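A.B. asks: Below is query-v2.txt; it holds compact mmCIF, C-alpha atoms and all ligand atoms.
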# COMPACT_ATOMS: atom_id res chain seq x y z
CA MET A 107 -40.37 49.93 -11.34
CA ASP A 108 -40.72 46.55 -9.67
CA GLY A 109 -39.57 45.13 -6.35
CA PRO A 110 -40.69 43.73 -3.02
CA SER A 111 -42.64 45.52 -0.31
CA GLY A 112 -40.77 48.36 1.38
CA SER A 113 -37.96 48.54 -1.17
CA GLY A 114 -38.97 52.16 -1.82
CA LYS A 115 -40.95 51.84 -5.06
CA SER A 116 -43.81 54.23 -4.19
CA SER A 117 -41.72 57.04 -2.76
CA THR A 118 -39.02 56.70 -5.41
CA SER A 119 -41.53 56.50 -8.28
CA ARG A 120 -43.38 59.59 -7.09
CA GLY A 121 -40.16 61.54 -6.64
CA VAL A 122 -38.83 60.53 -10.05
CA ALA A 123 -42.16 61.29 -11.78
CA ASP A 124 -42.26 64.71 -10.12
CA ARG A 125 -38.66 65.51 -11.13
CA LEU A 126 -39.18 64.39 -14.74
CA GLY A 127 -42.73 65.71 -15.27
CA LEU A 128 -44.27 62.24 -15.66
CA ARG A 129 -47.53 60.69 -14.45
CA TYR A 130 -47.47 58.05 -11.67
CA LEU A 131 -49.35 54.78 -11.12
CA ASP A 132 -49.31 52.58 -7.99
CA THR A 133 -50.57 49.18 -9.18
CA GLY A 134 -50.29 47.74 -5.66
CA ALA A 135 -53.00 50.22 -4.62
CA GLN A 136 -55.27 48.72 -7.29
CA PHE A 137 -54.71 45.17 -5.97
CA ARG A 138 -55.39 46.51 -2.49
CA ALA A 139 -58.64 48.21 -3.62
CA MET A 140 -59.79 44.99 -5.29
CA THR A 141 -59.05 43.16 -2.01
CA LEU A 142 -60.93 45.76 0.05
CA TRP A 143 -63.97 45.31 -2.20
CA MET A 144 -63.85 41.51 -1.72
CA LEU A 145 -63.64 41.92 2.07
CA ARG A 146 -66.48 44.45 2.12
CA HIS A 147 -68.66 42.11 0.05
CA GLU A 148 -67.80 39.11 2.25
CA VAL A 149 -66.13 37.17 -0.54
CA ASP A 150 -63.84 34.44 0.82
CA VAL A 151 -60.40 35.71 -0.29
CA HIS A 152 -58.96 32.20 0.05
CA ASP A 153 -61.45 30.82 -2.48
CA PRO A 154 -59.99 31.69 -5.93
CA ALA A 155 -63.21 30.76 -7.76
CA ALA A 156 -65.28 33.04 -5.52
CA VAL A 157 -62.83 35.93 -6.03
CA ALA A 158 -62.70 35.33 -9.81
CA ALA A 159 -66.50 35.37 -10.04
CA ARG A 160 -66.60 38.93 -8.63
CA ALA A 161 -63.37 40.32 -10.15
CA GLY A 162 -65.28 42.30 -12.78
CA ASP A 163 -67.61 44.04 -10.32
CA PRO A 164 -65.57 46.73 -8.52
CA VAL A 165 -65.36 50.12 -10.23
CA LEU A 166 -61.77 51.29 -9.79
CA GLU A 167 -60.23 54.62 -10.70
CA SER A 168 -56.61 55.71 -10.19
CA GLY A 169 -55.55 59.36 -10.34
CA THR A 170 -52.00 59.66 -11.72
CA ASP A 171 -50.72 63.00 -10.36
CA PRO A 172 -47.44 62.07 -8.56
CA LEU A 173 -48.03 64.86 -6.01
CA ASP A 174 -51.60 63.71 -5.30
CA PRO A 175 -52.22 60.12 -6.40
CA THR A 176 -55.79 59.02 -5.74
CA ILE A 177 -57.72 55.77 -5.74
CA THR A 178 -61.48 55.38 -5.69
CA LEU A 179 -63.64 52.27 -5.37
CA ASP A 180 -67.23 52.50 -6.59
CA GLY A 181 -66.75 56.28 -6.56
CA GLN A 182 -65.49 56.46 -2.95
CA ASP A 183 -61.99 57.57 -1.88
CA VAL A 184 -60.29 54.49 -0.37
CA ALA A 185 -56.68 55.75 -0.15
CA GLU A 186 -56.63 55.18 3.61
CA ALA A 187 -58.84 52.09 3.82
CA ILE A 188 -56.63 50.08 1.45
CA ARG A 189 -53.70 50.37 3.92
CA SER A 190 -55.53 48.56 6.75
CA GLU A 191 -54.01 45.44 8.30
CA ALA A 192 -56.96 43.36 7.08
CA VAL A 193 -56.27 44.36 3.47
CA THR A 194 -52.50 43.83 3.86
CA ALA A 195 -53.12 40.31 5.18
CA ALA A 196 -55.55 39.40 2.36
CA VAL A 197 -53.98 41.08 -0.68
CA SER A 198 -51.52 38.35 -1.73
CA PRO A 199 -54.12 35.58 -2.20
CA VAL A 200 -56.39 37.97 -4.12
CA ALA A 201 -53.47 39.07 -6.34
CA THR A 202 -52.75 35.44 -7.29
CA VAL A 203 -56.17 34.99 -8.94
CA PRO A 204 -55.73 35.12 -12.76
CA ALA A 205 -59.10 36.87 -13.33
CA VAL A 206 -58.03 39.66 -10.94
CA ARG A 207 -54.68 40.08 -12.71
CA ALA A 208 -56.33 40.08 -16.15
CA ARG A 209 -58.82 42.76 -15.12
CA LEU A 210 -56.21 45.01 -13.52
CA LEU A 211 -53.63 44.45 -16.26
CA ASP A 212 -56.17 45.68 -18.79
CA LEU A 213 -56.86 48.77 -16.66
CA GLN A 214 -53.12 49.40 -16.16
CA ARG A 215 -52.37 49.15 -19.88
CA ARG A 216 -55.13 51.64 -20.68
CA ILE A 217 -53.78 54.11 -18.12
CA ILE A 218 -50.24 53.70 -19.49
CA SER A 219 -51.37 54.15 -23.11
CA ASP A 220 -53.20 57.37 -22.20
CA ALA A 221 -50.18 58.67 -20.26
CA LEU A 222 -47.82 58.02 -23.14
CA ASP A 223 -49.73 60.72 -25.07
CA ASP A 224 -49.14 62.99 -22.07
CA GLY A 225 -45.34 62.77 -21.64
CA GLY A 226 -45.03 59.33 -20.02
CA ILE A 227 -45.54 57.61 -16.69
CA VAL A 228 -43.69 55.87 -13.88
CA VAL A 229 -45.54 52.66 -12.97
CA GLU A 230 -44.68 50.60 -9.90
CA GLY A 231 -45.60 47.08 -8.91
CA ARG A 232 -44.38 43.49 -9.10
CA ASP A 233 -44.74 42.57 -12.79
CA ILE A 234 -44.60 45.88 -14.66
CA GLY A 235 -41.36 45.32 -16.59
CA SER A 236 -42.01 41.60 -17.08
CA VAL A 237 -45.72 41.41 -17.97
CA VAL A 238 -47.65 44.69 -17.98
CA TRP A 239 -45.31 46.78 -20.15
CA PRO A 240 -42.17 44.84 -21.20
CA GLU A 241 -41.40 47.52 -23.82
CA ALA A 242 -40.85 50.20 -21.12
CA GLU A 243 -38.11 52.70 -21.98
CA VAL A 244 -36.45 52.14 -18.60
CA LYS A 245 -36.93 49.16 -16.26
CA LEU A 246 -35.85 49.26 -12.65
CA TYR A 247 -35.84 46.59 -9.99
CA LEU A 248 -35.54 47.98 -6.45
CA THR A 249 -34.55 45.87 -3.47
CA ALA A 250 -33.38 46.45 0.11
CA ASP A 251 -32.43 44.12 2.95
CA ALA A 252 -35.49 42.67 4.70
CA ALA A 253 -34.47 44.33 7.98
CA ALA A 254 -34.21 47.76 6.31
CA ARG A 255 -37.56 47.28 4.58
CA ALA A 256 -39.23 46.26 7.83
CA ALA A 257 -37.73 49.22 9.70
CA ARG A 258 -38.97 51.64 7.00
CA ARG A 259 -42.49 50.16 6.99
CA THR A 260 -42.73 50.17 10.81
CA ALA A 261 -41.62 53.81 10.96
CA GLU A 262 -44.17 54.67 8.27
CA ASN A 263 -46.99 52.89 10.13
CA GLY A 264 -45.98 54.57 13.39
CA SER A 265 -46.83 51.38 15.33
CA GLY A 266 -46.07 47.66 15.56
CA SER A 267 -42.82 45.81 16.06
CA VAL A 268 -40.10 45.65 13.42
CA GLU A 269 -39.91 41.85 13.89
CA ALA A 270 -43.65 41.32 13.23
CA THR A 271 -43.55 43.65 10.23
CA GLU A 272 -40.54 41.80 8.80
CA ALA A 273 -42.31 38.43 9.23
CA GLU A 274 -45.44 39.75 7.43
CA LEU A 275 -43.34 41.25 4.66
CA LEU A 276 -41.35 38.04 4.11
CA ARG A 277 -44.59 36.06 4.06
CA ARG A 278 -45.95 38.30 1.27
CA ASP A 279 -42.60 38.18 -0.60
CA GLN A 280 -42.85 34.40 -0.54
CA ILE A 281 -46.41 34.30 -1.93
CA ASP A 282 -45.72 37.06 -4.50
CA SER A 283 -42.52 35.31 -5.74
CA SER A 284 -43.83 31.75 -5.92
CA ARG A 285 -47.23 32.27 -7.54
CA ALA A 286 -47.79 30.78 -11.00
CA THR A 287 -49.11 33.98 -12.62
CA ALA A 288 -46.68 36.91 -12.99
CA PRO A 289 -44.42 36.13 -10.01
CA LEU A 290 -42.23 38.88 -8.59
CA SER A 291 -38.94 38.55 -10.50
CA VAL A 292 -36.21 40.74 -11.97
CA PRO A 293 -37.49 41.61 -15.48
CA GLU A 294 -35.20 41.08 -18.43
CA GLY A 295 -33.21 44.23 -19.12
CA ALA A 296 -33.95 45.81 -15.73
CA VAL A 297 -31.38 47.83 -13.78
CA HIS A 298 -31.16 46.35 -10.27
CA LEU A 299 -30.77 48.98 -7.53
CA ASP A 300 -30.22 47.91 -3.90
CA THR A 301 -31.52 50.89 -1.89
CA THR A 302 -30.34 49.63 1.54
CA PRO A 303 -27.40 52.06 1.88
CA TYR A 304 -29.11 55.14 0.39
CA ASP A 305 -31.64 57.63 1.68
CA LEU A 306 -34.68 58.45 -0.47
CA ALA A 307 -33.19 61.60 -2.04
CA GLU A 308 -30.12 59.63 -3.11
CA VAL A 309 -32.23 56.83 -4.64
CA ILE A 310 -34.37 59.35 -6.57
CA SER A 311 -31.22 61.08 -7.92
CA ARG A 312 -29.74 57.75 -8.99
CA VAL A 313 -32.90 56.72 -10.80
CA VAL A 314 -33.21 60.11 -12.54
CA ALA A 315 -29.57 59.73 -13.66
CA ILE A 316 -30.31 56.23 -15.03
CA VAL A 317 -33.33 57.55 -16.98
CA GLU A 318 -31.32 60.46 -18.37
CA GLN A 319 -28.51 58.11 -19.34
CA VAL A 320 -30.88 55.74 -21.16
CA ARG A 321 -32.57 58.66 -22.92
CA GLY A 322 -29.19 60.20 -23.86
CA THR A 323 -28.00 56.88 -25.27
CA ALA A 324 -31.27 56.46 -27.18
CA GLU A 325 -30.97 59.99 -28.64
CA ALA A 326 -27.31 59.47 -29.56
CA SER A 327 -28.16 56.31 -31.48
CA THR A 328 -30.99 57.89 -33.53
N1 LIG B 401 -34.06 54.88 0.37
C1 LIG B 401 -34.83 54.99 1.44
N2 LIG B 401 -34.30 55.17 2.65
C2 LIG B 401 -35.07 55.24 3.75
N3 LIG B 401 -36.41 55.16 3.75
C3 LIG B 401 -37.01 54.98 2.57
C4 LIG B 401 -36.26 54.88 1.36
N4 LIG B 401 -37.13 54.70 0.34
C5 LIG B 401 -38.35 54.68 0.90
N5 LIG B 401 -38.28 54.86 2.23
C6 LIG B 401 -39.41 54.88 3.18
O1 LIG B 401 -39.74 53.50 3.38
C7 LIG B 401 -41.16 53.35 3.45
C8 LIG B 401 -41.60 52.34 2.38
O2 LIG B 401 -41.34 52.90 1.10
P1 LIG B 401 -42.33 52.73 -0.11
O3 LIG B 401 -41.92 53.70 -1.14
O4 LIG B 401 -43.76 52.77 0.33
O5 LIG B 401 -41.95 51.22 -0.56
P2 LIG B 401 -42.73 50.21 -1.50
O6 LIG B 401 -43.60 51.02 -2.42
O7 LIG B 401 -41.63 49.50 -2.25
O8 LIG B 401 -43.47 49.30 -0.61
C9 LIG B 401 -41.76 54.74 3.28
O9 LIG B 401 -42.07 55.25 4.54
C10 LIG B 401 -40.65 55.54 2.64
O10 LIG B 401 -40.71 56.90 2.99
N1 LIG B 402 -48.21 44.77 -9.96
C1 LIG B 402 -48.50 44.26 -8.74
C2 LIG B 402 -48.55 45.10 -7.61
C3 LIG B 402 -48.87 44.55 -6.38
N2 LIG B 402 -49.14 43.23 -6.30
C4 LIG B 402 -49.53 42.61 -5.03
C5 LIG B 402 -48.36 42.16 -4.23
C6 LIG B 402 -48.51 42.83 -2.88
O1 LIG B 402 -48.54 41.85 -1.86
C7 LIG B 402 -49.84 43.57 -2.93
C8 LIG B 402 -49.80 44.99 -2.44
O2 LIG B 402 -48.84 45.72 -3.17
P1 LIG B 402 -48.20 47.04 -2.55
O3 LIG B 402 -47.19 47.53 -3.55
O4 LIG B 402 -49.27 47.97 -2.10
O5 LIG B 402 -47.52 46.45 -1.28
P2 LIG B 402 -46.60 47.25 -0.29
O6 LIG B 402 -47.08 48.65 -0.23
O7 LIG B 402 -45.28 47.15 -0.95
O8 LIG B 402 -46.74 46.53 0.99
O9 LIG B 402 -50.28 43.54 -4.29
C9 LIG B 402 -49.06 42.42 -7.40
O10 LIG B 402 -49.26 41.21 -7.29
N3 LIG B 402 -48.74 42.94 -8.61
Spit out the file's structure as structure tokens when you get a sec.
Ligand SMILES: Nc1ncnc2c1ncn2[C@@H]1O[C@H](COP(=O)(O)OP(=O)(O)O)[C@@H](O)[C@H]1O
Ligand SMILES: Nc1ccn([C@H]2C[C@H](O)[C@@H](COP(=O)(O)OP(=O)(O)O)O2)c(=O)n1
C.D. replies:
Amino acid sequence: MDGPSGSGKSSTSRGVADRLGLRYLDTGAQFRAMTLWMLRHEVDVHDPAAVAARAGDPVLESGTDPLDPTITLDGQDVAEAIRSEAVTAAVSPVATVPAVRARLLDLQRRIISDALDDGGIVVEGRDIGSVVWPEAEVKLYLTADAAARAARRTAENGSGSVEATEAELLRRDQIDSSRATAPLSVPEGAVHLDTTPYDLAEVISRVVAIVEQVRGTAEAST
């Protein structure tokens, strides 16, 4: 499941994984943890060579239970710390560094391979259907109007203005979409779902229906 910030990927992915008995992986959390490590080690996040030189150092682990996803950095729980404003402001430049993407892509593919032996997994991010796992059984691309995304994120944060949140979100969209490596784009073969008019329960039901339809079609043709 790919899409821009606030389109509903995390909540939808978790809900769908829970309904279908699948594992869950938030790849954005991994880019955030990598960014947090760089900030904590005083690496200049706007210096790609400096970031690349340290990209192999952080020890990252993602727990894939959709009801209790976890993320640890050098053995420490960082689920809350990775949502700080400082990390949000620095994550896009870090995520554009090829050495960071290569390291995390390798980690993501290993987690996905393991989960495939365990019933399957819903993975969310920006380049999952296009780069990380193009052979996914179902590919989804979620969007929502920028105003709706900003309103959702502001409500979630419980503070800040919708206007400032929208500006920050559009700034990250711009960097994520225009970067040379794995830009945010609609993957080939993806179902595009605009979540603006639907509440979360409706989006989850629609996605579950799409998965069941794809699986039914696949079964019928075998
Ligand atoms: N369809 C929806 N309608 C209203 N709010 C939603 C919807 N989907 C998600 N949300 C809320 O919007 C916020 C951002 O959603 P999230 O799943 O974190 O998006 P993303 O992972 O794409 O950044 C969360 O607070 C979530 O509960
Ligand atoms: N597969 C991914 C996932 C996230 N990223 C980048 C793009 C985003 O700016 C950051 C943070 O992603 P995250 O999904 O946590 O962002 P939001 O929660 O939607 O604000 O990481 C990426 O480049 N590739």
A.B. asks: Any residue with an atom at most 8 Å from ligand LIG 402 (chain B) counts, using all atoms listed in the file. Which are they? Put them as a PyMOL selection string.
C.D. replies: chain A and resi 108+110-113+115-116+132-138+189+194+197-198+201-202+207+230-234+275+278-279+281-282+288-290
A.B. asks: Here is a test: counting all atoms listed in the file, which residue of A:Leu131, A:Leu179, A:Ala159, A:Val151 is nearest to ligand LIG 401 (chain B)?
C.D. replies: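 Smallest separation from ligand LIG 401 (chain B) among the options: A:Leu131.
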A.B. asks: Pick out the residues sitting within 12 Å of Ser168 of chain A, and hand them over as a PyMOL selection string; count all atoms listed in the file, and ignore anything fewer than 4 positions along from it in its own chain.
C.D. replies: chain A and resi 129-137+139+172+174-185+210+213-214+216-218+229
A.B. asks: Can I get the selected residues back with C-alpha atoms, as an mmCIF file, keeping the file's coordinate frame?
C.D. replies:
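Everything below was put into result-v5.cif:
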data_model
loop_
_atom_site.group_PDB
_atom_site.id
_atom_site.type_symbol
_atom_site.label_atom_id
_atom_site.label_comp_id
_atom_site.auth_asym_id
_atom_site.auth_seq_id
_atom_site.Cartn_x
_atom_site.Cartn_y
_atom_site.Cartn_z
ATOM 1 C CA ARG A 129 -47.530 60.690 -14.450
ATOM 2 C CA TYR A 130 -47.470 58.050 -11.670
ATOM 3 C CA LEU A 131 -49.350 54.780 -11.120
ATOM 4 C CA ASP A 132 -49.310 52.580 -7.990
ATOM 5 C CA THR A 133 -50.570 49.180 -9.180
ATOM 6 C CA GLY A 134 -50.290 47.740 -5.660
ATOM 7 C CA ALA A 135 -53.000 50.220 -4.620
ATOM 8 C CA GLN A 136 -55.270 48.720 -7.290
ATOM 9 C CA PHE A 137 -54.710 45.170 -5.970
ATOM 10 C CA ALA A 139 -58.640 48.210 -3.620
ATOM 11 C CA PRO A 172 -47.440 62.070 -8.560
ATOM 12 C CA ASP A 174 -51.600 63.710 -5.300
ATOM 13 C CA PRO A 175 -52.220 60.120 -6.400
ATOM 14 C CA THR A 176 -55.790 59.020 -5.740
ATOM 15 C CA ILE A 177 -57.720 55.770 -5.740
ATOM 16 C CA THR A 178 -61.480 55.380 -5.690
ATOM 17 C CA LEU A 179 -63.640 52.270 -5.370
ATOM 18 C CA ASP A 180 -67.230 52.500 -6.590
ATOM 19 C CA GLY A 181 -66.750 56.280 -6.560
ATOM 20 C CA GLN A 182 -65.490 56.460 -2.950
ATOM 21 C CA ASP A 183 -61.990 57.570 -1.880
ATOM 22 C CA VAL A 184 -60.290 54.490 -0.370
ATOM 23 C CA ALA A 185 -56.680 55.750 -0.150
ATOM 24 C CA LEU A 210 -56.210 45.010 -13.520
ATOM 25 C CA LEU A 213 -56.860 48.770 -16.660
ATOM 26 C CA GLN A 214 -53.120 49.400 -16.160
ATOM 27 C CA ARG A 216 -55.130 51.640 -20.680
ATOM 28 C CA ILE A 217 -53.780 54.110 -18.120
ATOM 29 C CA ILE A 218 -50.240 53.700 -19.490
ATOM 30 C CA VAL A 229 -45.540 52.660 -12.970
#
A.B. asks: Of the residues A:Gly127, A:His152, A:Pro240, A:Glu191, which is the one nearest to Val292 of chain A, using all atoms listed in the file?
C.D. replies: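 Ranking A:Gly127, A:His152, A:Pro240, A:Glu191 by distance to Val292 of chain A, first place goes to A:Pro240.
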A.B. asks: Taking all atoms listed in the file into account, report as a ChimeraX atom specification which residues have an atom no farther than 8 Å from an atom of ligand LIG 401 (chain B).
C.D. replies: /A:109-119,230-231,248,254-255,257-259,261-263,301-309
A.B. asks: Excluding Glu294 of chain A and any residue of its chain fewer than 4 positions from it, enumerate the residues within 10 Å of it, using all atoms listed in the file, and give them as a ChimeraX atom specification.
C.D. replies: /A:235-236,240,245
A.B. asks: For Ser190 of chain A, which of A:Val297, A:Leu126, A:Thr141, A:Val320 is the closest residue, counting only C-alpha atoms?
C.D. replies: A:Thr141
A.B. asks: Using all atoms listed in the file, find the one residue out of A:Glu167, A:Glu269, A:Glu243, A:Glu274 that sits nearest to Ala196 of chain A.
C.D. replies: A:Glu274
A.B. asks: Would you mind reading off the distance between atom CA of Tyr247 of chain A and atom CA of Met107 of chain A, one decimal, in Å?
C.D. replies: 5.8 Å
A.B. asks: Work out how far atom CA of Leu276 of chain A is from atom CA of Val149 of chain A, in Å to one decimal.
C.D. replies: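 Computing the Euclidean distance for atom CA of Val149 of chain A and atom CA of Leu276 of chain A yields 25.2 Å.
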A.B. asks: Quick one: distance from atom CA of Gln280 of chain A to atom CA of Arg120 of chain A in Å, one decimal?
C.D. replies: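 Going from atom CA of Gln280 of chain A over to atom CA of Arg120 of chain A, I get 26.0 Å.
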A.B. asks: Go through A:Ala252, A:Pro199, A:Arg285, A:Glu325 and flag the residue nearest Thr271 of chain A, using all atoms listed in the file for the distances.
C.D. replies: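 For Thr271 of chain A, the nearest of the candidates is A:Ala252.
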A.B. asks: Using all atoms listed in the file, which of the listed residues (A:Gly264, A:Gly169, A:Ser311, A:Val157) sits closest to Leu145 of chain A?
C.D. replies: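 Of all the options, A:Val157 lies closest to Leu145 of chain A.
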A.B. asks: Let me have the centre and edge lengths of the axis-aligned box enclosing all listed atoms of segment 306-319 of chain A with 3 Å padding on every side, in Å to one decimal, as AutoDock Vina command-line options.
C.D. replies:
--center_x -31.6 --center_y 58.9 --center_z -9.9 --size_x 12.2 --size_y 11.4 --size_z 24.9
A.B. asks: Give me the residues within 8 Å of segment 316-319 of chain A as a list in words, counting only C-alpha atoms and dropping any in the same chain fewer than 4 places off.
C.D. replies: Val244, Arg312 and Thr323 of chain A
